[in-house]
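Colleague: For reference, this is target.txt, and it has compact mmCIF, C-alpha atoms.
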```
# COMPACT_ATOMS: atom_id res chain seq x y z
CA MET T 1 119.27 106.66 100.18
CA SER T 2 121.79 106.91 102.97
CA PHE T 3 121.08 103.68 104.84
CA ALA T 4 123.13 100.53 104.27
CA MET T 5 121.55 98.92 101.23
CA ASP T 6 123.63 95.73 101.43
CA ARG T 7 122.09 95.10 104.85
CA ILE T 8 118.58 95.67 103.53
CA PHE T 9 118.99 93.54 100.42
CA THR T 10 120.49 90.55 102.20
CA GLY T 11 118.28 90.71 105.27
CA SER T 12 121.38 90.53 107.46
CA GLY T 13 120.26 93.11 109.94
CA GLY T 14 120.73 90.80 112.90
CA THR T 15 117.14 90.94 114.10
CA GLY T 16 114.95 87.93 114.69
CA GLY T 17 115.15 84.66 116.53
CA VAL T 18 113.87 83.78 119.99
CA ARG T 19 115.51 84.85 123.24
CA SER T 20 114.38 85.17 126.81
CA ALA T 21 113.27 88.64 127.83
CA GLU T 22 115.51 91.05 129.71
CA SER T 23 116.35 90.44 133.35
CA GLU T 24 114.38 91.92 136.23
CA ASN T 25 117.29 94.27 137.05
CA ASP T 26 117.35 95.62 133.50
CA ALA T 27 113.58 95.94 133.60
CA ASP T 28 113.74 97.97 136.82
CA ASP T 29 115.97 100.50 135.07
CA ARG T 30 113.39 100.86 132.28
CA GLN T 31 110.26 100.79 134.46
CA SER T 32 110.43 104.47 135.41
CA VAL T 33 110.14 105.45 131.75
CA PHE T 34 106.71 103.82 131.54
CA SER T 35 105.10 104.92 134.79
CA GLY T 36 101.94 106.51 133.40
CA ILE T 37 100.10 103.50 131.94
CA SER T 38 97.31 101.68 133.75
CA ASP T 39 98.37 98.89 136.10
CA ALA T 40 96.20 96.43 134.16
CA PRO T 41 98.83 94.25 132.45
CA SER T 42 99.17 92.99 128.94
CA ILE T 43 99.45 89.23 128.49
CA TYR T 44 103.21 89.68 128.82
CA SER T 45 105.61 92.60 128.85
CA PHE T 46 109.38 92.62 128.51
CA ASN T 47 109.40 94.32 131.92
CA SER T 48 109.30 90.86 133.46
CA SER T 49 111.53 87.84 133.91
CA ARG T 50 109.04 85.50 132.27
CA ASP T 51 110.50 83.70 129.25
CA GLY T 52 109.05 84.56 125.85
CA LEU T 53 109.54 80.95 124.74
CA ALA T 54 106.42 79.99 126.71
CA LEU T 55 104.37 82.09 124.29
CA LEU T 56 105.77 80.49 121.13
CA ARG T 57 105.40 77.12 119.38
CA LEU T 58 107.13 75.25 116.57
CA ILE T 59 105.10 74.25 113.49
CA GLN T 60 106.63 72.65 110.38
CA GLY T 61 110.06 73.97 111.30
CA ARG T 62 108.89 77.58 111.80
CA THR T 63 108.21 79.46 115.05
CA PHE T 64 104.65 80.77 115.61
CA ASN T 65 102.78 82.56 118.37
CA ALA T 66 101.00 80.22 120.78
CA GLN T 67 98.20 82.62 121.73
CA ASN T 68 96.01 83.11 118.66
CA ASP T 69 95.36 80.67 115.80
CA LEU T 70 93.82 83.40 113.65
CA TYR T 71 97.20 84.97 112.90
CA TYR T 72 98.98 82.04 111.28
CA MET T 73 102.27 83.63 110.22
CA PRO T 74 105.73 82.77 111.59
CA ALA T 75 107.49 84.78 114.28
CA ASP T 76 111.10 83.77 113.63
CA MET T 77 114.32 85.13 112.15
CA PRO T 78 113.38 84.66 108.44
CA GLU T 79 109.99 86.33 108.96
CA PHE T 80 111.46 89.21 110.98
CA ALA T 81 114.05 89.75 108.23
CA ARG T 82 111.21 89.84 105.69
CA GLN T 83 109.29 92.36 107.79
CA GLU T 84 112.38 94.52 107.97
CA LYS T 85 112.63 94.58 104.16
CA GLU T 86 108.94 95.47 103.93
CA HIS T 87 109.44 98.25 106.46
CA PHE T 88 112.22 99.79 104.39
CA ALA T 89 110.09 99.47 101.25
CA HIS T 90 107.45 101.64 102.92
CA LEU T 91 110.14 104.03 104.11
CA VAL T 92 111.43 104.42 100.54
CA GLY T 93 107.96 104.54 99.02
CA VAL T 94 106.48 107.13 101.38
CA GLY T 95 109.66 108.97 102.34
CA ARG T 96 109.17 108.76 106.11
CA LEU T 97 107.73 106.58 108.86
CA TYR T 98 104.19 107.96 108.57
CA VAL T 99 101.81 109.90 106.35
CA GLU T 100 100.20 113.21 107.39
CA HIS T 101 103.58 114.13 108.85
CA GLU T 102 102.77 117.72 109.84
CA LYS T 103 99.76 116.60 111.85
CA VAL T 104 101.64 113.71 113.47
CA GLN T 105 104.54 115.95 114.44
CA ARG T 106 102.17 118.55 115.87
CA ILE T 107 100.39 115.91 117.98
CA LEU T 108 103.70 114.54 119.27
CA SER T 109 105.36 117.90 119.96
CA PRO T 110 106.46 118.14 123.62
CA THR T 111 103.81 119.55 125.95
CA ASP T 112 104.51 120.58 129.54
CA GLY T 113 102.93 118.22 132.03
CA GLU T 114 101.83 115.68 129.41
CA GLN T 115 103.50 112.38 128.51
CA LYS T 116 103.32 111.64 124.79
CA ARG T 117 102.67 107.99 123.99
CA ILE T 118 102.81 105.94 120.76
CA LEU T 119 101.29 102.44 120.49
CA ASP T 120 102.34 100.20 117.58
CA LEU T 121 99.88 97.32 117.16
CA GLY T 122 101.26 94.19 115.50
CA THR T 123 104.79 95.54 115.86
CA GLY T 124 106.47 92.32 114.63
CA VAL T 125 110.17 92.98 114.08
CA GLY T 126 109.65 96.36 115.77
CA THR T 127 111.53 98.53 113.27
CA TRP T 128 108.73 101.11 113.02
CA ALA T 129 108.43 101.43 116.80
CA ILE T 130 112.19 101.79 117.20
CA GLY T 131 112.28 104.44 114.46
CA MET T 132 109.51 106.42 116.15
CA ALA T 133 111.27 106.17 119.52
CA GLN T 134 114.41 107.59 117.94
CA GLU T 135 112.54 110.39 116.15
CA PHE T 136 110.53 111.33 119.24
CA PRO T 137 112.82 110.61 122.23
CA HIS T 138 110.46 112.41 124.63
CA ALA T 139 107.60 109.99 123.79
CA GLU T 140 106.93 106.54 125.24
CA VAL T 141 106.71 103.94 122.47
CA ILE T 142 105.13 100.52 123.05
CA GLY T 143 105.28 97.82 120.38
CA LEU T 144 102.58 95.21 120.93
CA ASP T 145 102.40 91.83 119.20
CA LEU T 146 101.39 88.21 119.64
CA ALA T 147 105.10 87.40 119.27
CA PRO T 148 107.33 90.48 119.04
CA ASN T 149 111.00 90.32 118.15
CA THR T 150 112.60 89.45 121.48
CA ALA T 151 116.13 89.39 120.02
CA SER T 152 116.24 93.19 119.90
CA ALA T 153 114.98 93.69 123.48
CA ASN T 154 118.38 94.73 124.81
CA LEU T 155 118.95 97.10 121.86
CA LEU T 156 115.79 99.16 122.30
CA PRO T 157 115.99 102.90 122.96
CA PRO T 158 115.22 103.68 126.63
CA ASN T 159 111.80 105.10 125.67
CA CYS T 160 110.70 101.95 123.79
CA ARG T 161 109.50 98.53 124.90
CA PHE T 162 107.74 95.51 123.39
CA GLU T 163 104.83 93.56 124.86
CA PHE T 164 103.20 90.21 124.13
CA ASP T 165 99.45 90.76 123.78
CA ASP T 166 96.43 90.07 121.56
CA PHE T 167 94.54 93.27 120.76
CA ASN T 168 91.51 91.19 119.73
CA LEU T 169 90.95 90.75 123.49
CA GLY T 170 90.74 94.48 124.13
CA LEU T 171 93.26 97.02 125.40
CA PRO T 172 91.73 98.47 128.60
CA HIS T 173 95.17 99.21 130.09
CA PHE T 174 95.79 101.72 127.25
CA HIS T 175 92.43 103.49 127.33
CA ASN T 176 92.66 107.28 126.99
CA SER T 177 96.47 107.21 127.14
CA CYS T 178 97.78 107.27 123.56
CA ASP T 179 98.57 110.13 121.18
CA ILE T 180 99.35 107.99 118.11
CA ILE T 181 98.21 104.42 117.42
CA HIS T 182 99.68 102.65 114.40
CA GLY T 183 99.05 99.31 112.75
CA ARG T 184 100.56 97.89 109.56
CA ILE T 185 99.47 94.68 107.83
CA ILE T 186 97.45 93.40 110.79
CA ALA T 187 94.22 92.54 108.95
CA ILE T 188 95.05 88.84 108.80
CA GLY T 189 94.93 88.67 112.60
CA MET T 190 91.78 90.77 112.93
CA LYS T 191 88.42 89.26 113.84
CA ASP T 192 86.17 92.35 113.74
CA PHE T 193 87.41 95.64 112.30
CA LYS T 194 84.37 97.66 113.35
CA TRP T 195 84.87 96.65 116.99
CA PHE T 196 88.63 97.24 116.65
CA ILE T 197 88.23 100.82 115.45
CA THR T 198 86.08 101.64 118.48
CA GLU T 199 88.67 100.01 120.76
CA VAL T 200 91.39 102.15 119.15
CA ALA T 201 89.24 105.22 119.78
CA LYS T 202 89.01 104.25 123.46
CA CYS T 203 92.81 104.16 123.67
CA LEU T 204 93.39 107.55 122.00
CA LYS T 205 93.34 110.85 123.81
CA PRO T 206 91.06 113.48 122.24
CA GLY T 207 93.03 114.90 119.32
CA GLY T 208 95.11 111.73 119.02
CA MET T 209 95.58 110.05 115.65
CA PHE T 210 95.09 106.55 114.26
CA LEU T 211 97.38 105.44 111.41
CA MET T 212 96.92 102.13 109.61
CA VAL T 213 98.51 100.54 106.53
CA GLU T 214 97.05 97.62 104.60
CA GLY T 215 97.81 96.10 101.20
CA ASP T 216 95.48 94.90 98.47
CA HIS T 217 95.71 91.11 98.12
CA ASN T 218 94.97 91.61 94.41
CA LEU T 219 98.01 92.30 92.26
CA TRP T 220 98.09 94.61 89.24
CA ASN T 221 100.01 94.20 85.97
CA SER T 222 102.20 96.82 84.28
CA LYS T 223 99.08 98.35 82.69
CA LYS T 224 97.59 98.59 86.20
CA GLU T 225 94.95 96.06 85.29
CA LEU T 226 94.07 93.07 87.50
CA GLN T 227 96.89 90.52 87.27
CA GLU T 228 95.98 87.15 85.73
CA LEU T 229 96.50 84.18 88.06
CA ALA T 230 98.50 81.06 87.18
CA TYR T 231 96.77 77.66 87.15
CA GLY T 232 97.87 74.24 85.95
CA THR T 233 101.32 74.69 84.43
CA GLY T 234 100.93 78.45 84.18
CA GLY T 235 101.26 80.51 81.04
CA PRO T 236 102.63 83.76 79.58
CA GLY T 237 101.58 86.78 81.60
CA GLN T 238 100.19 84.64 84.43
CA SER T 239 101.54 84.90 87.97
CA TRP T 240 102.09 82.28 90.65
CA TYR T 241 102.68 85.01 93.21
CA ALA T 242 99.29 86.55 92.45
CA ARG T 243 97.74 83.08 92.73
CA ALA T 244 99.40 82.51 96.11
CA MET T 245 98.07 85.85 97.41
CA PHE T 246 94.58 85.04 96.16
CA GLU T 247 94.62 81.64 97.88
CA ALA T 248 96.09 83.10 101.08
CA ALA T 249 93.35 85.74 101.34
CA LEU T 250 90.67 83.12 100.71
CA THR T 251 92.15 80.80 103.34
CA MET T 252 92.50 83.54 105.95
CA GLN T 253 88.90 84.59 105.43
CA LYS T 254 87.73 81.00 105.95
CA ARG T 255 89.74 80.87 109.18
CA GLY T 256 87.85 83.88 110.55
CA SER T 257 89.96 86.91 109.62
CA ASP T 258 87.95 90.03 108.81
CA ILE T 259 90.35 90.46 105.92
CA ASP T 260 87.93 91.96 103.39
CA ALA T 261 87.18 94.85 105.74
CA ARG T 262 90.67 96.26 105.18
CA MET T 263 89.46 97.59 101.84
CA LYS T 264 86.64 99.39 103.67
CA LEU T 265 88.76 100.96 106.39
CA TYR T 266 88.27 104.50 105.16
CA GLU T 267 84.50 104.06 105.32
CA LEU T 268 84.71 102.41 108.75
CA ILE T 269 86.88 105.17 110.19
CA SER T 270 85.02 108.06 108.57
CA SER T 271 81.63 106.67 109.62
CA SER T 272 82.71 106.16 113.24
CA GLN T 273 81.21 108.77 115.55
CA TYR T 274 84.51 108.85 117.44
CA PHE T 275 86.76 109.98 114.57
CA GLU T 276 87.02 113.07 112.40
CA ASP T 277 89.26 114.21 109.53
CA ALA T 278 89.50 110.65 108.20
CA GLY T 279 91.38 110.03 104.97
CA GLU T 280 93.59 107.69 102.98
CA HIS T 281 96.67 107.86 100.80
CA ILE T 282 97.19 105.21 98.11
CA HIS T 283 100.69 104.25 96.95
CA VAL T 284 101.48 101.75 94.20
CA PHE T 285 104.84 99.95 94.49
CA PRO T 286 106.52 97.90 91.73
CA ILE T 287 107.44 94.32 92.65
CA GLY T 288 110.94 93.93 91.22
CA PRO T 289 113.28 96.52 89.64
CA TRP T 290 111.48 96.73 86.30
CA GLU T 291 109.83 100.17 86.37
CA GLN T 292 111.66 103.14 84.86
CA GLY T 293 111.78 106.47 86.68
CA ALA T 294 111.18 109.90 85.17
CA THR T 295 114.46 111.29 86.58
CA PRO T 296 117.70 109.63 87.77
CA GLU T 297 116.60 110.13 91.38
CA ASP T 298 113.12 108.74 90.71
CA HIS T 299 114.61 105.81 88.80
CA GLN T 300 116.92 104.95 91.70
CA ARG T 301 114.03 105.14 94.15
CA LYS T 302 111.88 102.81 92.03
CA GLN T 303 114.75 100.36 91.59
CA ILE T 304 115.39 100.21 95.34
CA LEU T 305 111.67 99.97 96.06
CA GLY T 306 111.21 97.17 93.52
CA ILE T 307 114.13 95.15 94.90
CA LEU T 308 112.86 95.44 98.46
CA GLU T 309 109.33 94.43 97.51
CA ARG T 310 110.58 91.52 95.41
CA GLN T 311 112.63 90.15 98.28
CA SER T 312 109.80 90.64 100.75
CA MET T 313 107.23 88.94 98.50
CA ILE T 314 109.45 85.93 97.75
CA ASP T 315 109.97 85.47 101.49
CA LEU T 316 106.27 86.03 102.16
CA VAL T 317 105.20 83.06 100.05
CA GLN T 318 107.65 80.87 101.97
CA SER T 319 106.21 82.15 105.26
CA LEU T 320 102.73 81.24 104.03
CA GLY T 321 103.77 77.62 103.40
CA PRO T 322 102.70 76.29 106.83
CA LEU T 323 99.31 78.00 106.48
CA PHE T 324 98.65 76.35 103.12
CA ILE T 325 99.76 72.92 104.34
CA SER T 326 97.64 73.19 107.50
CA GLU T 327 94.59 73.97 105.36
CA GLY T 328 95.06 70.89 103.16
CA TYR T 329 96.80 72.33 100.09
CA PRO T 330 98.91 69.64 98.37
CA LYS T 331 102.62 70.07 99.06
CA GLU T 332 103.27 69.99 95.32
CA LEU T 333 101.02 73.02 94.81
CA VAL T 334 102.61 74.88 97.73
CA ASP T 335 106.04 74.18 96.24
CA GLN T 336 104.76 75.52 92.91
CA PHE T 337 103.63 78.73 94.63
CA ILE T 338 107.13 79.15 96.11
CA LYS T 339 109.19 78.15 93.06
CA GLY T 340 106.92 79.94 90.60
CA THR T 341 107.10 83.15 92.62
CA GLU T 342 110.89 82.98 92.86
CA LYS T 343 111.26 82.39 89.12
CA GLU T 344 108.89 85.06 87.85
CA LEU T 345 110.09 87.75 90.25
CA ASN T 346 113.81 87.02 89.92
CA GLU T 347 113.63 86.76 86.12
CA LEU T 348 111.15 89.65 85.86
CA THR T 349 108.97 87.69 83.45
CA VAL T 350 105.86 89.21 85.04
CA HIS T 351 105.73 92.91 85.86
CA MET T 352 103.40 93.64 88.76
CA TYR T 353 102.40 96.35 91.21
CA ILE T 354 101.09 96.08 94.74
CA LYS T 355 98.69 98.73 96.02
CA TRP T 356 99.09 100.02 99.59
CA PHE T 357 96.46 101.98 101.51
CA TYR T 358 97.49 104.39 104.29
CA PHE T 359 94.44 105.21 106.41
CA PHE T 360 94.20 107.86 109.11
CA GLY T 361 91.70 109.52 111.43
CA THR T 362 91.71 111.92 114.38
CA ARG T 363 89.99 111.10 117.67
CA ASN T 364 87.30 113.59 118.61
CA SER T 365 86.11 114.36 122.14
CA ILE T 366 82.90 112.28 122.14
CA PRO T 367 83.01 109.94 125.17
CA ILE T 368 82.63 106.20 124.68
CA GLU T 369 80.49 104.09 126.94
CA ASP T 370 81.74 100.54 127.53
CA GLU T 371 79.29 98.20 125.82
CA LYS T 372 80.53 95.16 127.69
CA ALA T 373 83.36 94.07 129.88
CA GLY T 374 86.34 92.33 128.36
CA GLY T 375 87.27 92.35 124.70
CA ASN T 376 86.38 90.91 121.35
CA ASP T 377 87.01 87.31 122.36
CA ALA T 378 88.88 85.54 119.59
```
Could you express the structure from this file as structure tokens?
Modeller:
Amino acid sequence: MSFAMDRIFTGSGGTGGVRSAESENDADDRQSVFSGISDAPSIYSFNSSRDGLALLRLIQGRTFNAQNDLYYMPADMPEFARQEKEHFAHLVGVGRLYVEHEKVQRILSPTDGEQKRILDLGTGVGTWAIGMAQEFPHAEVIGLDLAPNTASANLLPPNCRFEFDDFNLGLPHFHNSCDIIHGRIIAIGMKDFKWFITEVAKCLKPGGMFLMVEGDHNLWNSKKELQELAYGTGGPGQSWYARAMFEAALTMQKRGSDIDARMKLYELISSSQYFEDAGEHIHVFPIGPWEQGATPEDHQRKQILGILERQSMIDLVQSLGPLFISEGYPKELVDQFIKGTEKELNELTVHMYIKWFYFFGTRNSIPIEDEKAGGNDA
């Protein structure tokens, strides 16, 4: 791989943290790039002088969004660094920013008299949105999140911007305006996937494409069998990381996340009357550099992929700490999740895979009647 691996491995990319948004003068220079979207505003856009700090809160030493309690993950420098590692893991694992690349490139090819637009839901650190803006400089790219990475606001390409918003409330200002809509690992903040898929369809132009990536909260051992969870003091072949993921999924579901529906996304998209050509790609990534490759190139790819996933997963359990504590888990058990994960992944005493699902569907031309005003109130 040609990108700087020392930057990826250490998480020293310089993204993250909380800053005020860009000035009104800077925003005026960027406003003309985004002139085709409905005047109905998001909760907050970087094309404003309002301070992003008003939309954030501090909990147990970590920064969180202040808009939606359903998504209970940090929005700070350590979490953005983790998201960046996860982004590069997907880039290594899939080979590019998106699946179905020929179809995506055809949809986004320049067309006279038509503005191409990409919407990244749950953009987080924003690396995917920035990458798409660089690959398709003629397209408008909007990264939307409850708490996007404000530190990179002044480094964005001129055709890219971030917005504060909660897509659970509906996205009427994007209706019938997008060519590609993307979401990655957003299930934990989702209240109703069936409603969400229809809302995405409302935002896509006919022929536009929906891309979504979600992971299986179950982990798989080296034989690709269900990984045994660690309880008590743990034991050989048992995993504290797998236990932490099991508990996190259970907790998120109790809090109201429609998290189980992520495993049914293909059925939900393919059964929607507003989508056609639905499909999914499944990729299995090693967690840690333990898997051998068939060729030197394949071996290097799996080593890089394993290192990135290991670092991301270790950081993920730390990011989940406030969630566990807020739901009444004993601090000693939360510490065991964190320390046990670090030990087993760093020492490679447990060999595991994570399964990733890449869903897609194409918007057809069937019109959608608004069932009710407003959104899916969270």
Colleague: So the first atom is atom CA of T:Ala129 and the second is atom CA of T:Ile181; what is the distance between them in Å, to one decimal place?
Modeller: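 Here the two named atoms are 10.7 Å from each other.
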Colleague: Between T:Leu323, T:Val350, T:Met77, T:Ala133, single out the one closest to T:Gln60, counting only C-alpha atoms.
Modeller: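 Checking each of T:Leu323, T:Val350, T:Met77, T:Ala133 against T:Gln60, counting only C-alpha atoms, the winner is T:Leu323.
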Colleague: What's around stretch 212-214 of chain T at 9 Å? Count all atoms listed in the file, leave out sequence neighbours fewer than 3 positions away in its own chain, and write the answer as a compact mmCIF listing (two decimals) with C-alpha atoms, in the frame of the given file.
Modeller:
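Below you can see around_38.txt, which holds the result:
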```txt
# COMPACT_ATOMS: atom_id res chain seq x y z
CA ILE T 181 98.21 104.42 117.42
CA HIS T 182 99.68 102.65 114.40
CA GLY T 183 99.05 99.31 112.75
CA ARG T 184 100.56 97.89 109.56
CA ILE T 185 99.47 94.68 107.83
CA ILE T 186 97.45 93.40 110.79
CA ALA T 187 94.22 92.54 108.95
CA ARG T 262 90.67 96.26 105.18
CA MET T 263 89.46 97.59 101.84
CA LEU T 265 88.76 100.96 106.39
CA LYS T 355 98.69 98.73 96.02
CA TRP T 356 99.09 100.02 99.59
CA PHE T 357 96.46 101.98 101.51
CA TYR T 358 97.49 104.39 104.29
CA PHE T 359 94.44 105.21 106.41
CA PHE T 360 94.20 107.86 109.11
```
Colleague: Let me make sure I understand: among T:Phe324, T:Phe136, T:Phe167, T:Phe193, which one has the smallest atom-to-atom distance to T:Arg117 if we use all atoms listed in the file?
Modeller: T:Phe136
Colleague: Of the residues T:Val125, T:Ile197, T:Ile107, T:Leu169, which is the one nearest to T:Leu268, using all atoms listed in the file?
Modeller: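 Ranked by minimum distance to T:Leu268, first place goes to T:Ile197.
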Colleague: Fewer than 3 positions away in the same chain doesn't count, so skip those; otherwise give me all residues within 12 Å of stretch 282-299 of chain T, counting only C-alpha atoms, as a PyMOL selection string.
Modeller: chain T and resi 1+86+89-95+99+212-216+219-224+241-242+263+266+279+302-314+341-360
Colleague: I need the residue nearest T:Ala230 from this list: T:Leu155, T:Ile130, T:Ala244, T:Leu70. Use all atoms listed in the file for the distance.
Modeller: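 Closest to T:Ala230, using all atoms listed in the file: T:Ala244.
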Colleague: Please provide as a compact mmCIF listing (two decimals) with C-alpha atoms, keeping the file's coordinate frame all residues within 12 Å of stretch 137-139 of chain T, with the sequence filter that same-chain residues fewer than 4 positions apart are discarded (counting only C-alpha atoms).
Modeller:
```txt
# COMPACT_ATOMS: atom_id res chain seq x y z
CA VAL T 33 110.14 105.45 131.75
CA PHE T 34 106.71 103.82 131.54
CA GLY T 36 101.94 106.51 133.40
CA GLN T 105 104.54 115.95 114.44
CA ILE T 107 100.39 115.91 117.98
CA LEU T 108 103.70 114.54 119.27
CA SER T 109 105.36 117.90 119.96
CA PRO T 110 106.46 118.14 123.62
CA THR T 111 103.81 119.55 125.95
CA ASP T 112 104.51 120.58 129.54
CA GLU T 114 101.83 115.68 129.41
CA GLN T 115 103.50 112.38 128.51
CA LYS T 116 103.32 111.64 124.79
CA ARG T 117 102.67 107.99 123.99
CA ILE T 118 102.81 105.94 120.76
CA LEU T 119 101.29 102.44 120.49
CA ALA T 129 108.43 101.43 116.80
CA ILE T 130 112.19 101.79 117.20
CA GLY T 131 112.28 104.44 114.46
CA MET T 132 109.51 106.42 116.15
CA ALA T 133 111.27 106.17 119.52
CA LEU T 156 115.79 99.16 122.30
CA PRO T 157 115.99 102.90 122.96
CA PRO T 158 115.22 103.68 126.63
CA ASN T 159 111.80 105.10 125.67
CA CYS T 160 110.70 101.95 123.79
CA ARG T 161 109.50 98.53 124.90
CA SER T 177 96.47 107.21 127.14
CA CYS T 178 97.78 107.27 123.56
CA ASP T 179 98.57 110.13 121.18
CA ILE T 180 99.35 107.99 118.11
```
Colleague: What does the structure give for the distance between atom CA of T:Tyr274 and atom CA of T:Phe174, in Å to one decimal?
Modeller: 16.6 Å
Colleague: What does the distance from atom CA of T:His175 to atom CA of T:Thr123 come to in Å, to one decimal?
Modeller: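 Distance between the two atoms: 18.6 Å.
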Colleague: Give me the residues within 12 Å of T:Ser326 as a list in words, counting all atoms listed in the file and dropping any in the same chain fewer than 4 places off.
Modeller: Ile59, Gln60, Asp69, Tyr72, Met73, Ala248, Thr251, Met252, Arg255, Leu320, Gly321, Pro322, Pro330, Lys331 and Val334 of chain T
Colleague: Within 6 Å of (94.4, 112.3, 118.8), in the coordinates the file gives, what residues turn up when you count all atoms listed in the file, written out as a PyMOL selection string?
Modeller: chain T and resi 179+204-209+362-363
Colleague: Pick out the closest residue to T:Ser319 from this set: T:Gln300, T:Phe337, T:Phe246, T:Phe210. Count only C-alpha atoms.
Modeller: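 Among T:Gln300, T:Phe337, T:Phe246, T:Phe210, it is T:Phe337 that comes nearest to T:Ser319.
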Colleague: For each of T:Ser271, T:Ile325, T:Ile338, T:Val141, take the minimum atom-to-atom distance to T:Ser239, counting only C-alpha atoms, then give the residue where this is smallest.
Modeller: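 Nearest to T:Ser239: T:Ile338.
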Colleague: Around all the atoms of stretch 80-96 of chain T listed in the file, with 4 Å of room on each side, what axis-aligned box do you get, giving centre and edge lengths in Å to one decimal, as AutoDock Vina command-line options?
Modeller:
```
--center_x 110.3 --center_y 99.1 --center_z 105.0 --size_x 15.6 --size_y 27.8 --size_z 20.0
```
Colleague: Find the nearest atom pair between each residue of stretch 79-134 of chain T and stretch 148-151 of chain T for residues within 10 Å, count only C-alpha atoms, give distances in Å to one decimal, sort rows by chain and ascending number, and present the table as JSON lines.
Modeller:
```
{"residue": "T:Phe80", "atom": "CA", "partner": "T:Asn149", "partner_atom": "CA", "distance": 7.3}
{"residue": "T:Gly122", "atom": "CA", "partner": "T:Pro148", "partner_atom": "CA", "distance": 7.9}
{"residue": "T:Thr123", "atom": "CA", "partner": "T:Pro148", "partner_atom": "CA", "distance": 6.5}
{"residue": "T:Gly124", "atom": "CA", "partner": "T:Pro148", "partner_atom": "CA", "distance": 4.9}
{"residue": "T:Val125", "atom": "CA", "partner": "T:Asn149", "partner_atom": "CA", "distance": 4.9}
{"residue": "T:Gly126", "atom": "CA", "partner": "T:Asn149", "partner_atom": "CA", "distance": 6.6}
{"residue": "T:Thr127", "atom": "CA", "partner": "T:Asn149", "partner_atom": "CA", "distance": 9.6}
```
Colleague: Generate the missing atoms of stretch 177-189 of chain T up to N, CA and C atoms and report them as a CSV table (one decimal), in the coordinates of the input.
Modeller:
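Resulting contents of rebuild-v5.csv:
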```csv
chain,number,residue,atom,x,y,z
T,177,SER,N,95.1,106.9,126.8
T,177,SER,CA,96.5,107.2,127.1
T,177,SER,C,97.4,107.4,125.9
T,178,CYS,N,96.9,107.3,124.7
T,178,CYS,CA,97.8,107.3,123.6
T,178,CYS,C,97.5,108.5,122.7
T,179,ASP,N,98.6,109.0,122.1
T,179,ASP,CA,98.6,110.1,121.2
T,179,ASP,C,98.6,109.7,119.7
T,180,ILE,N,99.3,108.6,119.4
T,180,ILE,CA,99.4,108.0,118.1
T,180,ILE,C,99.2,106.5,118.3
T,181,ILE,N,98.3,105.9,117.5
T,181,ILE,CA,98.2,104.4,117.4
T,181,ILE,C,98.4,104.0,116.0
T,182,HIS,N,99.3,103.1,115.7
T,182,HIS,CA,99.7,102.6,114.4
T,182,HIS,C,99.5,101.1,114.3
T,183,GLY,N,99.1,100.7,113.1
T,183,GLY,CA,99.0,99.3,112.8
T,183,GLY,C,99.4,99.1,111.3
T,184,ARG,N,100.2,98.1,111.0
T,184,ARG,CA,100.6,97.9,109.6
T,184,ARG,C,100.5,96.4,109.3
T,185,ILE,N,99.7,96.1,108.3
T,185,ILE,CA,99.5,94.7,107.8
T,185,ILE,C,99.0,93.8,109.0
T,186,ILE,N,98.0,94.2,109.7
T,186,ILE,CA,97.4,93.4,110.8
T,186,ILE,C,96.1,92.8,110.5
T,187,ALA,N,95.6,93.0,109.3
T,187,ALA,CA,94.2,92.5,109.0
T,187,ALA,C,94.1,91.0,109.1
T,188,ILE,N,95.2,90.3,108.8
T,188,ILE,CA,95.0,88.8,108.8
T,188,ILE,C,94.8,88.3,110.2
T,189,GLY,N,95.2,89.1,111.2
T,189,GLY,CA,94.9,88.7,112.6
T,189,GLY,C,93.7,89.3,113.2
```
